[in-house]
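Asker: Shown below is the structure under consideration.
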Amino acid sequence: MDILSSIFLGVIQGLTEFLPVSSSGHLVFFQNLLGFKEPEILFDVALHLGTLLAVFIFFRADLMLIVLDIKGYLSDIISGKETVSSIKKRPHALFALWVIIGTIPTSIIGFLFKDMLESLFGKVQLVGLMIIVTGIIVGISRLIPQSYMKKNRLGFVSAILIGIAQGVAIIPGISRSGSTIVCGLLCGMERELAARFSFLLSIPAILGALVVQLSSHELHTIAFTPMITGFIVAAISGFLALKILMKMVKRGNLSWFAPYCWLIGLIVIFIF
């Protein structure tokens with residue numbers, strides 16, 4: 001793989017991983033349109049690690065508070081100062097618990113339907129249709145009244161439902177960020193909270209997907225320069241995508257991505 005290809009794929013991965021337009025759908029689209037071969041597993045892992053780094057950098061303050069809260073919580077439990085139920089007093093540790101709970105349905109869906117869902121990547125027209133569905137999903141956000149989105153805390157039911165939405169988004173063409181954020185909004189969560197939970201929930205999802213990739217595919221050595229270039233470009237473009245999307249979510253403009261998804265979906269269907 002040459003440098004230009006690694007830069008192009010890094011930009012596509014970084015932007016579409018977080019913008020609600022489906023990274024998997026765009027990957028299928030450009031692979032078929034431009035004749036790209038499927039990236040080597042190590043290169044694909046490097047791209048995903050780049051987007052993961054973007055999440056860590058963008059949400060570094062949240063992650064630090066979560067780590068400190070969990071450390072204090074565990075210390076109090078071990079010393080006998082608090083009981084297990086005292087986690088309710090620690091909002092950041094409780095947030096981490098909801099992330100773990102939300103990851104469970106995603107993992108179950110991924111484990112049970114992995115082979116079937118992976119086979120869908122070869123059905124390009126179906127991917128185009130799913131991108132159109134993504135447009136409908138993000139378009140729904142425009143219909144949710146502001147007065148409904150008032151919850152500033154997560155709960156068991158909302159964590160499970162958002163985890164299911166993330167699991168369904170394994171289908172190529174369905175946006176993970178779009179489906180999880182809109183699901184959070186439909187659960188009555190404040191816009192910023194829904195987006196924060198969506199992206200922090202992506203951390204175990206991305207890590208889990210990478211472990212599955214590395215364990216189930218034969219690895220081949222690839223050139224170091226394209227791999228590190230793709231990693232850096234994916235991290236930078238992913239960080240920019242996070243900044244853009246967080247601002248748009250706060251302003252209630254998530255639905256702006258709907259026409260783009262409908263256009264790309266129709267192009268995929270008619271071309272292929």
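Identifiers in the structure tokens: chain A, B, ... in order shown; residue index from 1 per chain; ligand index from 1 in order shown.
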Produce a table with one row for each residue of region 192-252 of chain A that has an atom at most 9 Å from any atom of region 175-179 of chain A, each row naming the nearest atom pair and its distance in Å at one decimal; use only C-alpha atoms; arrange rows by chain and rising residue number; format as a Markdown table.

Answerer:
```
| residue | atom | partner | partner_atom | distance |
| --- | --- | --- | --- | --- |
| A:Ala195 | CA | A:Ser177 | CA | 8.0 |
| A:Ser198 | CA | A:Ser177 | CA | 6.3 |
| A:Phe199 | CA | A:Ser177 | CA | 7.2 |
| A:Ser202 | CA | A:Ser177 | CA | 8.4 |
```

Asker: Can you write just those residues out, N, CA, C and O atoms, as a PDB file, in the first residue's frame?

Answerer:
```pdb
ATOM      1  N   ALA A 195     -24.374  11.824  23.496  1.00  0.00           N
ATOM      2  CA  ALA A 195     -23.181  11.758  22.650  1.00  0.00           C
ATOM      3  C   ALA A 195     -21.974  11.255  23.435  1.00  0.00           C
ATOM      4  O   ALA A 195     -21.211  10.421  22.944  1.00  0.00           O
ATOM      5  N   SER A 198     -22.292   7.577  23.987  1.00  0.00           N
ATOM      6  CA  SER A 198     -22.085   6.875  22.720  1.00  0.00           C
ATOM      7  C   SER A 198     -20.605   6.677  22.427  1.00  0.00           C
ATOM      8  O   SER A 198     -20.175   5.571  22.085  1.00  0.00           O
ATOM      9  N   PHE A 199     -19.831   7.738  22.587  1.00  0.00           N
ATOM     10  CA  PHE A 199     -18.416   7.652  22.216  1.00  0.00           C
ATOM     11  C   PHE A 199     -17.586   6.910  23.255  1.00  0.00           C
ATOM     12  O   PHE A 199     -16.643   6.192  22.896  1.00  0.00           O
ATOM     13  N   SER A 202     -17.972   3.360  22.735  1.00  0.00           N
ATOM     14  CA  SER A 202     -17.253   2.846  21.567  1.00  0.00           C
ATOM     15  C   SER A 202     -15.888   2.270  21.944  1.00  0.00           C
ATOM     16  O   SER A 202     -15.331   1.457  21.195  1.00  0.00           O
TER      17      SER A 202
END
```

Asker: Could you find all residues in region 103-169 of chain A that DSSP calls alpha helix (DSSP H) from the backbone, and write them as a PyMOL selection string?

Answerer: chain A and resi 103-119+124-140+156-168

Asker: Near Leu19 (chain A), counting only C-alpha atoms, which residues have an atom at most 9 Å away, once you skip same-chain residues fewer than 5 positions from it, shown as a PyMOL selection string?

Answerer: chain A and resi 14+175+177-178+238+241-242+244-245+257

Asker: What lies within 12 Å of Met130 (chain A) using only C-alpha atoms, ignoring chain neighbours under 5 positions off, as a ChimeraX atom specification?

Answerer: /A:21-26,28,120-121,123-125,135-137,168-176,179,261-262,264-266,268-269

Asker: Please provide the set of residues having any atom within 9 Å of Ala205 (chain A), restricted to only C-alpha atoms, with same-chain residues fewer than 4 positions apart removed, written as JSON, numbers by chain.

Answerer: {"A": [103, 106, 107, 166, 201, 209, 210]}

Asker: So that I can check the surroundings of Phe8 (chain A), please list as a VMD selection string every protein, DNA and RNA residue that reaches within 12 Å of it, counting only C-alpha atoms and ignoring chain neighbours fewer than 2 positions away.

Answerer: chain A and resid 1 to 6 10 to 15 27 30 to 31 34 36 47 226 229 to 234 237

Asker: Give me the residues within 7 Å of Gly163 (chain A) as number ranges by chain, counting only C-alpha atoms and dropping any in the same chain fewer than 2 places off.

Answerer: A: 102-103, 105-106, 159-161, 165-167

Asker: Rounded to one decimal, what separation in Å do you get between CA of Gly139 (chain A) and CA of Trp256 (chain A)?

Answerer: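 One can read the CA of Gly139 (chain A) to CA of Trp256 (chain A) distance as 7.5 Å.
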
Asker: Nearest to Ser141 (chain A) among A:Tyr260, A:Phe43, A:Leu53, A:Val249, with distances taken over only C-alpha atoms: which residue is it?

Answerer: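 So, comparing all the options, the nearest one is A:Val249.
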
Asker: Which one of A:Leu63, A:Ile101, A:Leu254, A:Ala54 sits closest to Ile144 (chain A) if you count only C-alpha atoms?

Answerer: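 Closest to Ile144 (chain A), using only C-alpha atoms: A:Leu254.
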
Asker: Determine the nearest neighbour of Thr16 (chain A) from the options A:Met246, A:Ile78, A:Leu240, A:Leu68, counting only C-alpha atoms.

Answerer: A:Leu240
